[in-house]
Number of protein chains: 2
Amino acid sequence: MSKVYNAEILSVGTEILLGHTTNTDAQDISLMLSEIGINVKYHTVVGDNPQRLSDCIEIAKGRADIIISTGGLGPTCDDLTKQTLARSFGLELEMNDHERECLYDYLTNRGYSKEMTENNLQQAMLPVGCTVFHNDWGTAPGCAFEKDGTIVIMMPGPPKECNAMFRTCAMPYLRSLSDEQIVSHAVHIFGQSESAIDQLFRDEMNAMTNPTMAPYAKESDCLLQITAKAGSVEEAEKMMQPVIEHVCSVLGDVVFGIDIECVEERVMQLLKEKNMTFSAAESCTGGELAKRFTDMPGASEFFLGGVTTYTNGAKSKLLGIDPALIEEKGAVSFEVAKEMAERVRELIGTDMGVGVTGLAGPDGDGVHEVGTVFVALATADGTFVRELHVGDRRTRSYIRRVSGNYVFDMMRRYMQGLEVIND
Amino acid sequence: MSKVYNAEILSVGTEILLGHTTNTDAQDISLMLSEIGINVKYHTVVGDNPQRLSDCIEIAKGRADIIISTGGLGPTCDDLTKQTLARSFGLELEMNDHERECLYDYLTNRGYSKEMTENNLQQAMLPVGCTVFHNDWGTAPGCAFEKDGTIVIMMPGPPKECNAMFRTCAMPYLRSLSDEQIVSHAVHIFGQSESAIDQLFRDEMNAMTNPTMAPYAKESDCLLQITAKAGSVEEAEKMMQPVIEHVCSVLGDVVFGIDIECVEERVMQLLKEKNMTFSAAESCTGGELAKRFTDMPGASEFFLGGVTTYTNGAKSKLLGIDPALIEEKGAVSFEVAKEMAERVRELIGTDMGVGVTGLAGPDGDGVHEVGTVFVALATADGTFVRELHVGDRRTRSYIRRVSGNYVFDMMRRYMQGLEVIND
């Protein structure tokens with residue numbers, strides 16, 4: 001039987017404890033570790049304080065096989081992770097000549113002053129005997145060593161550096177340690193709540209040991225995470241396949257994808273498959289729909305353009321909507337959403353056009369409650385309009401985001417040939 | 001001398017350890033605690049496992065005066081924070097009748113089934129003698145108690161609920177414990193790096209004890225955090241004032257605001273002050289500029305509309321830009337950015353128009369390197385255009401976001417009557 005490694009991610013940085021920085025490093029590393037069957041049991045964040053860091057290292061030694069630190073490798077005075085971790089494991093630091101040269105070249109090319117450069121070269125001091133992880137994305141190198149049965153890995157703090165170095169250097173290092181593989185898949189669901197899913201599968205979930213299954217709520221969607229462990233990836237995959245098939249057949253068309261980040265990603269796949277395009281006219285979402293879709297590389301093939309008609313004037317000027325209609329029905333109305341979708345589709349000449357108008361709050365319009373949103377999808381087969389009540393106790397950003405999810409899910413259902421709700 | 005409280009935030013949730021969820025609760029709570037002079041010394045994340053949670057509680061007891069848990073209060077089977085925390089402090093749980101009724105009303109109004117409702121009512125079981133925090137933003141109530149010299153606060157996991165309940169219920173509870181006040185202000189800077197700021201003020205910062213000062217890097221901007229402790233808020237404010245004035249006078253017009261979330265917030269203030277409006281034509285930012293501005297309530301008074309002209313066709317159709325110009329100069333060009341800004345300004349009839357076109361990657365266009373972005377600001381005093389090189393090793397989302405920051409900072413400088421770079 002293979003050893004199961006338990007990891008603790010120890011993030012060092014007062015800025016995280018002050019709330020100035022989100023600890024995305026711990027999240028990124030956790031996601032990567034789950035790919036290779038290493039269980040993350042704890043995340044700890046501690047400030048730039050040698051004594052408290054040292055105490056945290058002692059605790060981590062007692063409960064984890066792998067300690068992964070993030071942050072505190074840079075040249076500024078409060079960067080002390082390396083010194084403290086080395087001391088805790090009885091190791092000295094020594095100058096790594098190769099890293100020193102790389103740093104020197106990098107810094108002088110960037111025109112740093114001499115004093116600045118000397119200061120920065122301290123980053124090349126590394127624990128004796130460690131495996132060095134060269135930093136191709138910044139300056140401070142990372143490293144790994146094994147001592148007294150514990151594996152220690154040190155990553156730089158800046159998220160981009162940490163993420164890239166972990167993927168490129170630490171993952172191969174760790175992969176060689178384990179001969180058990182964990183594989184995990186997420187079944188993504190839109191239109192059914194986490195508690196409904198929990199009810200539906202609770203008995204099965206309780207009875208399962210390998211694979212396991214657990215539901216997680218997201219904003220307006222949720223997911224079922226299915227995880228299997230086996231000697232090989234292939235074997236683990238084989239164990240999961242029937243479970244995934246079963247779950248999908250019970251849930252039906254509310255499943256929008258497997259291992260997919262968000263519903264717009266599924267929409268992009270379908271647009272590609274069906275060779276279709278779309279455009280968007282946004283009022284209350286104010287560009288967020290376009291922003292979300294264009295977050296994905298390659299979006300320009302399918303999303304040809306959009307308008308943010310945040311004011312009534314813009315609805316008329318940009319889309320040619322009759323001001324009298326807006327006057328009569330109100331900007332937040334079934335009719336205006338429909339016109340927005342149809343006119344942007346025509347204006348930009350796309351297969352589908354979407355329109356969103358509603359009240360994201362915090363102020364109301366005296367007619368509708370906050371959270372009332374009309375979403376429309378104009379297609380060659382006619383226009384579908386839905387009236388949403390996202391919740392009057394919700395935040396502006398929640399209402400905007402969830403409205404977008406509904407729009408994307410309407411597009412998904414239309415392209416998959418499923419029924420699209422039309423109020 | 002007032003007691004200084006040290007807090008530990010203990011987040012319970014396997015989904016965080018799996019990397020599915022970002023631990024924003026810990027960040028939100030940390031930010032709020034710093035307002036009232038409570039030092040956050042540790043963040044810990046542990047999974048939905050009673051033994052490990054119990055161990056973490058014991059560690060937290062030994063090093064923190066205040067333990068704040070997040071997550072694990074809901075009705076699903078793996079929600080065990082309340083039970084475990086109560087047991088660790090030798091308390092029983094009892095049904096809280098008022099919370100039970102509130103939950104019952106809420107759930108029956110939402111049409112939950114009877115069985116479902118019974119299940120959910122377990123959320124009203126609370127530690128004997130605790131202060132109950134009613135959940136106006138969701139279902140699970142939070143609570144607080146003091147036992148054996150430790151203050152324990154339990155918050156629900158969903159970020160919106162946690163944030164609102166902490167602000168509304170836990171903050172007043174905690175504020176009453178301390179008679180020392182901490183006040184902190186952030187001086188926000190655009191156009192100078194953290195390391196330049198660090199160099200500039202390093203000697204002063206090292207010599208300061210109260211107030212203290214520290215630089216923090218954000219994406220393309222940075223901030224200087226100045227913090228003072230005193231017996232009253234007024235006294236602390238008085239101590240900080242000369243420091244803030246000094247810093248602002250040394251830094252000059254790169255300071256875009258004090259205690260401001262982001263540069264667009266400053267832009268909104270200035271638009272209000274100057275009674276001005278703007279519109280946006282976005283290519284590579286794909287709606288993100290509009291989205292960011294309309295994230296702020298009241299944006300519609302100043303941002304009248306925008307277009308996302310993600311494709312060349314849309315640039316011509318929506319803005320009337322001559323396809324020959326795009327053909328000749330390329331979509332990513334000084335000239336196209338300028339036209340976009342000028343034409344959207346004219347089309348929507350606003351005081352300013354902004355245009356952004358560039359390469360957010362990952363793919364290049366064979367001409368420019370990824371991260372090349374042209375940003376333009378059209379005004380009654382002419383059009384300003386800047387060529388940015390945001391970095392070819394940067395992510396798509398970074399390039400898009402930072403480009404937006406530059407656009408907003410151009411608007412700020414123009415409205416403040418400062419020099420606007422024009423390449």
# chains A, B, ... in the order shown; residues from 1 in each chain; ligands from 1
call {"tool": "interface_residues", "arguments": {"of": "chain A", "to": "chain B", "cutoff": "6 Å", "atoms": "only C-alpha atoms", "output": "VMD selection string"}}
result
chain A and resid 17 to 19 27 30 to 31 40 42 to 46 286 to 288 290 to 291 294 304 to 311 314
call {"tool": "select_by_dssp", "arguments": {"residues": "range 179-412 of chain A", "states": "strand (DSSP E)", "output": "ChimeraX atom specification"}}
result
/A:181-190,212-217,221-230,255-258,278-282,303-308,352-358,372-379,382-389
call {"tool": "atom_distance", "arguments": {"atom1": "CA of Gly371 in chain A", "atom2": "CA of Arg266 in chain B"}}
result
27.1 Å
call {"tool": "residues_around", "arguments": {"residues": "Ser178 in chain B", "least_positions_apart": "6", "cutoff": "10 Å", "atoms": "only C-alpha atoms", "output": "short mmCIF file (atom, residue, chain, number, x, y, z; two decimals) with N, CA, C and O atoms, in the first residue's frame"}}
result
data_model
loop_
_atom_site.label_atom_id
_atom_site.label_comp_id
_atom_site.auth_asym_id
_atom_site.auth_seq_id
_atom_site.Cartn_x
_atom_site.Cartn_y
_atom_site.Cartn_z
N SER B 2 -4.78 49.18 28.00
CA SER B 2 -5.86 48.34 27.49
C SER B 2 -5.32 46.99 27.03
O SER B 2 -4.19 46.88 26.57
N LYS B 3 -6.13 45.98 27.17
CA LYS B 3 -5.74 44.65 26.69
C LYS B 3 -5.71 44.66 25.16
O LYS B 3 -6.61 45.17 24.51
N VAL B 4 -4.63 44.08 24.62
CA VAL B 4 -4.57 43.92 23.17
C VAL B 4 -5.04 42.50 22.86
O VAL B 4 -4.49 41.54 23.37
N TYR B 5 -6.07 42.40 22.07
CA TYR B 5 -6.62 41.08 21.75
C TYR B 5 -5.97 40.51 20.49
O TYR B 5 -5.84 41.21 19.49
N ILE B 36 -10.83 47.85 14.41
CA ILE B 36 -11.13 48.02 15.83
C ILE B 36 -9.98 47.57 16.73
O ILE B 36 -10.16 47.26 17.90
N GLY B 37 -8.80 47.53 16.14
CA GLY B 37 -7.62 47.31 16.96
C GLY B 37 -7.44 45.90 17.45
O GLY B 37 -6.76 45.67 18.45
N ILE B 38 -8.03 44.93 16.77
CA ILE B 38 -7.79 43.54 17.14
C ILE B 38 -6.80 42.96 16.14
O ILE B 38 -7.00 43.06 14.93
N GLY B 231 -6.06 55.98 22.88
CA GLY B 231 -7.22 55.75 23.74
C GLY B 231 -8.54 56.06 23.07
O GLY B 231 -9.57 55.52 23.44
#
call {"tool": "atom_distance", "arguments": {"atom1": "CA of Gly142 in chain B", "atom2": "CA of Leu174 in chain B"}}
result
14.2 Å
call {"tool": "closest_residue", "arguments": {"among": "B:Met125, B:Val385, B:Met213, B:Val250", "to": "Cys143 in chain B", "atoms": "only C-alpha atoms"}}
result
B:Met125
call {"tool": "atom_distance", "arguments": {"atom1": "CA of Arg202 in chain B", "atom2": "CA of Gln123 in chain A"}}
result
19.3 Å
call {"tool": "select_by_dssp", "arguments": {"residues": "range 86-261 of chain A", "states": "alpha helix (DSSP H)", "output": "PyMOL selection string"}}
result
chain A and resi 86-88+97-109+114-121+159-165+171-175+194-207+233-251
call {"tool": "residues_around", "arguments": {"residues": "Val402 in chain B", "least_positions_apart": "6", "cutoff": "9 Å", "atoms": "only C-alpha atoms", "output": "short mmCIF file (atom, residue, chain, number, x, y, z; two decimals) with all heavy atoms, in the first residue's frame"}}
result
data_model
loop_
_atom_site.label_atom_id
_atom_site.label_comp_id
_atom_site.auth_asym_id
_atom_site.auth_seq_id
_atom_site.Cartn_x
_atom_site.Cartn_y
_atom_site.Cartn_z
N GLU B 219 -1.95 45.50 -7.81
CA GLU B 219 -1.62 45.03 -9.17
C GLU B 219 -0.74 46.02 -9.94
O GLU B 219 0.36 45.71 -10.32
CB GLU B 219 -2.89 44.72 -9.92
CG GLU B 219 -3.25 43.27 -9.75
CD GLU B 219 -4.42 42.88 -10.60
OE1 GLU B 219 -5.33 43.70 -10.79
OE2 GLU B 219 -4.45 41.73 -11.05
N SER B 220 -1.27 47.20 -10.19
CA SER B 220 -0.44 48.18 -10.88
C SER B 220 -0.30 49.42 -10.02
O SER B 220 0.35 50.37 -10.38
CB SER B 220 -1.06 48.55 -12.22
OG SER B 220 -2.36 49.05 -12.03
N ASP B 221 -0.95 49.40 -8.88
CA ASP B 221 -0.84 50.51 -7.96
C ASP B 221 -0.25 49.97 -6.65
O ASP B 221 0.05 48.79 -6.53
CB ASP B 221 -2.20 51.19 -7.72
CG ASP B 221 -3.33 50.21 -7.49
OD1 ASP B 221 -3.29 49.09 -8.03
OD2 ASP B 221 -4.26 50.54 -6.74
N VAL B 390 2.41 46.12 -20.81
CA VAL B 390 2.05 45.65 -19.47
C VAL B 390 2.88 44.44 -19.07
O VAL B 390 2.96 44.08 -17.89
CB VAL B 390 0.52 45.36 -19.42
CG1 VAL B 390 0.12 44.77 -18.10
CG2 VAL B 390 -0.27 46.65 -19.68
#
call {"tool": "decode", "arguments": {"residues": "range 143-193 of chain B", "atoms": "N, CA and C atoms", "output": "mmCIF file, in the first residue's frame"}}
result
data_model
loop_
_atom_site.group_PDB
_atom_site.id
_atom_site.type_symbol
_atom_site.label_atom_id
_atom_site.label_comp_id
_atom_site.auth_asym_id
_atom_site.auth_seq_id
_atom_site.Cartn_x
_atom_site.Cartn_y
_atom_site.Cartn_z
ATOM 1 N N CYS B 143 -23.205 32.972 16.332
ATOM 2 C CA CYS B 143 -23.291 33.207 17.776
ATOM 3 C C CYS B 143 -21.923 33.556 18.345
ATOM 4 N N ALA B 144 -21.913 33.973 19.598
ATOM 5 C CA ALA B 144 -20.665 34.283 20.300
ATOM 6 C C ALA B 144 -20.819 33.880 21.758
ATOM 7 N N PHE B 145 -19.717 33.437 22.363
ATOM 8 C CA PHE B 145 -19.713 33.217 23.813
ATOM 9 C C PHE B 145 -18.312 33.432 24.353
ATOM 10 N N GLU B 146 -18.207 33.619 25.664
ATOM 11 C CA GLU B 146 -16.905 33.758 26.300
ATOM 12 C C GLU B 146 -16.794 32.648 27.328
ATOM 13 N N LYS B 147 -15.697 31.907 27.303
ATOM 14 C CA LYS B 147 -15.544 30.784 28.226
ATOM 15 C C LYS B 147 -14.050 30.601 28.496
ATOM 16 N N ASP B 148 -13.694 30.413 29.748
ATOM 17 C CA ASP B 148 -12.298 30.166 30.131
ATOM 18 C C ASP B 148 -11.354 31.216 29.550
ATOM 19 N N GLY B 149 -11.804 32.457 29.501
ATOM 20 C CA GLY B 149 -10.932 33.538 29.031
ATOM 21 C C GLY B 149 -10.801 33.641 27.525
ATOM 22 N N THR B 150 -11.516 32.818 26.801
ATOM 23 C CA THR B 150 -11.458 32.890 25.342
ATOM 24 C C THR B 150 -12.813 33.340 24.804
ATOM 25 N N ILE B 151 -12.778 34.205 23.831
ATOM 26 C CA ILE B 151 -14.004 34.626 23.167
ATOM 27 C C ILE B 151 -14.143 33.810 21.890
ATOM 28 N N VAL B 152 -15.305 33.225 21.699
ATOM 29 C CA VAL B 152 -15.540 32.399 20.515
ATOM 30 C C VAL B 152 -16.676 33.021 19.707
ATOM 31 N N ILE B 153 -16.439 33.173 18.437
ATOM 32 C CA ILE B 153 -17.454 33.727 17.535
ATOM 33 C C ILE B 153 -17.615 32.779 16.362
ATOM 34 N N MET B 154 -18.856 32.461 16.042
ATOM 35 C CA MET B 154 -19.090 31.546 14.907
ATOM 36 C C MET B 154 -19.883 32.244 13.815
ATOM 37 N N MET B 155 -19.331 32.175 12.617
ATOM 38 C CA MET B 155 -19.950 32.834 11.459
ATOM 39 C C MET B 155 -20.322 31.783 10.416
ATOM 40 N N PRO B 156 -21.387 32.029 9.674
ATOM 41 C CA PRO B 156 -21.702 31.127 8.561
ATOM 42 C C PRO B 156 -20.635 31.248 7.467
ATOM 43 N N GLY B 157 -20.520 30.228 6.617
ATOM 44 C CA GLY B 157 -19.473 30.203 5.594
ATOM 45 C C GLY B 157 -19.727 31.051 4.352
ATOM 46 N N PRO B 158 -20.976 31.091 3.820
ATOM 47 C CA PRO B 158 -21.154 31.838 2.564
ATOM 48 C C PRO B 158 -20.682 33.285 2.724
ATOM 49 N N PRO B 159 -19.783 33.739 1.856
ATOM 50 C CA PRO B 159 -19.108 35.025 2.049
ATOM 51 C C PRO B 159 -20.048 36.203 2.317
ATOM 52 N N LYS B 160 -21.155 36.255 1.602
ATOM 53 C CA LYS B 160 -22.046 37.392 1.778
ATOM 54 C C LYS B 160 -22.650 37.393 3.184
ATOM 55 N N GLU B 161 -23.046 36.187 3.641
ATOM 56 C CA GLU B 161 -23.632 36.078 4.974
ATOM 57 C C GLU B 161 -22.593 36.387 6.043
ATOM 58 N N CYS B 162 -21.413 35.829 5.855
ATOM 59 C CA CYS B 162 -20.346 36.005 6.833
ATOM 60 C C CYS B 162 -19.982 37.481 6.950
ATOM 61 N N ASN B 163 -19.799 38.105 5.819
ATOM 62 C CA ASN B 163 -19.395 39.506 5.793
ATOM 63 C C ASN B 163 -20.442 40.398 6.465
ATOM 64 N N ALA B 164 -21.686 40.220 6.056
ATOM 65 C CA ALA B 164 -22.755 41.079 6.587
ATOM 66 C C ALA B 164 -22.976 40.823 8.077
ATOM 67 N N MET B 165 -22.975 39.552 8.482
ATOM 68 C CA MET B 165 -23.198 39.248 9.891
ATOM 69 C C MET B 165 -22.034 39.729 10.753
ATOM 70 N N PHE B 166 -20.819 39.610 10.220
ATOM 71 C CA PHE B 166 -19.686 40.065 11.016
ATOM 72 C C PHE B 166 -19.766 41.573 11.232
ATOM 73 N N ARG B 167 -20.061 42.274 10.147
ATOM 74 C CA ARG B 167 -20.167 43.735 10.225
ATOM 75 C C ARG B 167 -21.299 44.150 11.193
ATOM 76 N N THR B 168 -22.431 43.513 11.048
ATOM 77 C CA THR B 168 -23.630 43.957 11.755
ATOM 78 C C THR B 168 -23.708 43.450 13.198
ATOM 79 N N CYS B 169 -23.275 42.229 13.431
ATOM 80 C CA CYS B 169 -23.456 41.617 14.757
ATOM 81 C C CYS B 169 -22.139 41.459 15.525
ATOM 82 N N ALA B 170 -21.108 40.914 14.885
ATOM 83 C CA ALA B 170 -19.887 40.605 15.623
ATOM 84 C C ALA B 170 -19.082 41.869 15.937
ATOM 85 N N MET B 171 -19.093 42.824 15.036
ATOM 86 C CA MET B 171 -18.298 44.047 15.263
ATOM 87 C C MET B 171 -18.769 44.800 16.509
ATOM 88 N N PRO B 172 -20.056 45.057 16.666
ATOM 89 C CA PRO B 172 -20.487 45.728 17.902
ATOM 90 C C PRO B 172 -20.145 44.902 19.150
ATOM 91 N N TYR B 173 -20.284 43.590 19.038
ATOM 92 C CA TYR B 173 -19.961 42.702 20.157
ATOM 93 C C TYR B 173 -18.487 42.866 20.549
ATOM 94 N N LEU B 174 -17.609 42.884 19.561
ATOM 95 C CA LEU B 174 -16.176 42.976 19.829
ATOM 96 C C LEU B 174 -15.742 44.377 20.244
ATOM 97 N N ARG B 175 -16.380 45.371 19.644
ATOM 98 C CA ARG B 175 -16.009 46.753 19.921
ATOM 99 C C ARG B 175 -16.142 47.055 21.412
ATOM 100 N N SER B 176 -17.132 46.424 22.028
ATOM 101 C CA SER B 176 -17.381 46.690 23.445
ATOM 102 C C SER B 176 -16.279 46.105 24.336
ATOM 103 N N LEU B 177 -15.413 45.247 23.783
ATOM 104 C CA LEU B 177 -14.388 44.597 24.613
ATOM 105 C C LEU B 177 -13.141 45.451 24.808
ATOM 106 N N SER B 178 -12.877 46.329 23.861
ATOM 107 C CA SER B 178 -11.587 47.014 23.852
ATOM 108 C C SER B 178 -11.763 48.488 24.169
ATOM 109 N N ASP B 179 -10.839 49.051 24.952
ATOM 110 C CA ASP B 179 -10.893 50.496 25.095
ATOM 111 C C ASP B 179 -9.695 51.177 24.428
ATOM 112 N N GLU B 180 -8.954 50.390 23.660
ATOM 113 C CA GLU B 180 -7.924 51.016 22.835
ATOM 114 C C GLU B 180 -8.413 50.981 21.394
ATOM 115 N N GLN B 181 -8.208 52.074 20.715
ATOM 116 C CA GLN B 181 -8.697 52.151 19.348
ATOM 117 C C GLN B 181 -7.512 52.187 18.389
ATOM 118 N N ILE B 182 -7.648 51.419 17.316
ATOM 119 C CA ILE B 182 -6.662 51.505 16.249
ATOM 120 C C ILE B 182 -7.314 52.191 15.077
ATOM 121 N N VAL B 183 -6.605 53.111 14.497
ATOM 122 C CA VAL B 183 -7.104 53.732 13.286
ATOM 123 C C VAL B 183 -6.051 53.545 12.211
ATOM 124 N N SER B 184 -6.498 53.230 11.028
ATOM 125 C CA SER B 184 -5.583 52.949 9.946
ATOM 126 C C SER B 184 -6.071 53.655 8.688
ATOM 127 N N HIS B 185 -5.143 54.281 7.981
ATOM 128 C CA HIS B 185 -5.501 54.889 6.703
ATOM 129 C C HIS B 185 -4.521 54.412 5.640
ATOM 130 N N ALA B 186 -5.019 54.310 4.435
ATOM 131 C CA ALA B 186 -4.171 53.885 3.318
ATOM 132 C C ALA B 186 -4.053 55.022 2.316
ATOM 133 N N VAL B 187 -2.812 55.351 1.975
ATOM 134 C CA VAL B 187 -2.547 56.350 0.935
ATOM 135 C C VAL B 187 -2.310 55.566 -0.357
ATOM 136 N N HIS B 188 -3.174 55.803 -1.336
ATOM 137 C CA HIS B 188 -3.128 55.011 -2.571
ATOM 138 C C HIS B 188 -2.358 55.723 -3.672
ATOM 139 N N ILE B 189 -1.505 54.946 -4.326
ATOM 140 C CA ILE B 189 -0.526 55.511 -5.253
ATOM 141 C C ILE B 189 -0.599 54.793 -6.598
ATOM 142 N N PHE B 190 -0.637 55.555 -7.668
ATOM 143 C CA PHE B 190 -0.569 54.962 -9.008
ATOM 144 C C PHE B 190 0.600 55.587 -9.754
ATOM 145 N N GLY B 191 1.473 54.751 -10.294
ATOM 146 C CA GLY B 191 2.568 55.282 -11.100
ATOM 147 C C GLY B 191 3.904 55.272 -10.392
ATOM 148 N N GLN B 192 3.992 54.602 -9.244
ATOM 149 C CA GLN B 192 5.274 54.437 -8.567
ATOM 150 C C GLN B 192 5.263 53.043 -7.922
ATOM 151 N N SER B 193 6.355 52.310 -8.007
ATOM 152 C CA SER B 193 6.348 50.930 -7.541
ATOM 153 C C SER B 193 6.511 50.852 -6.028
#
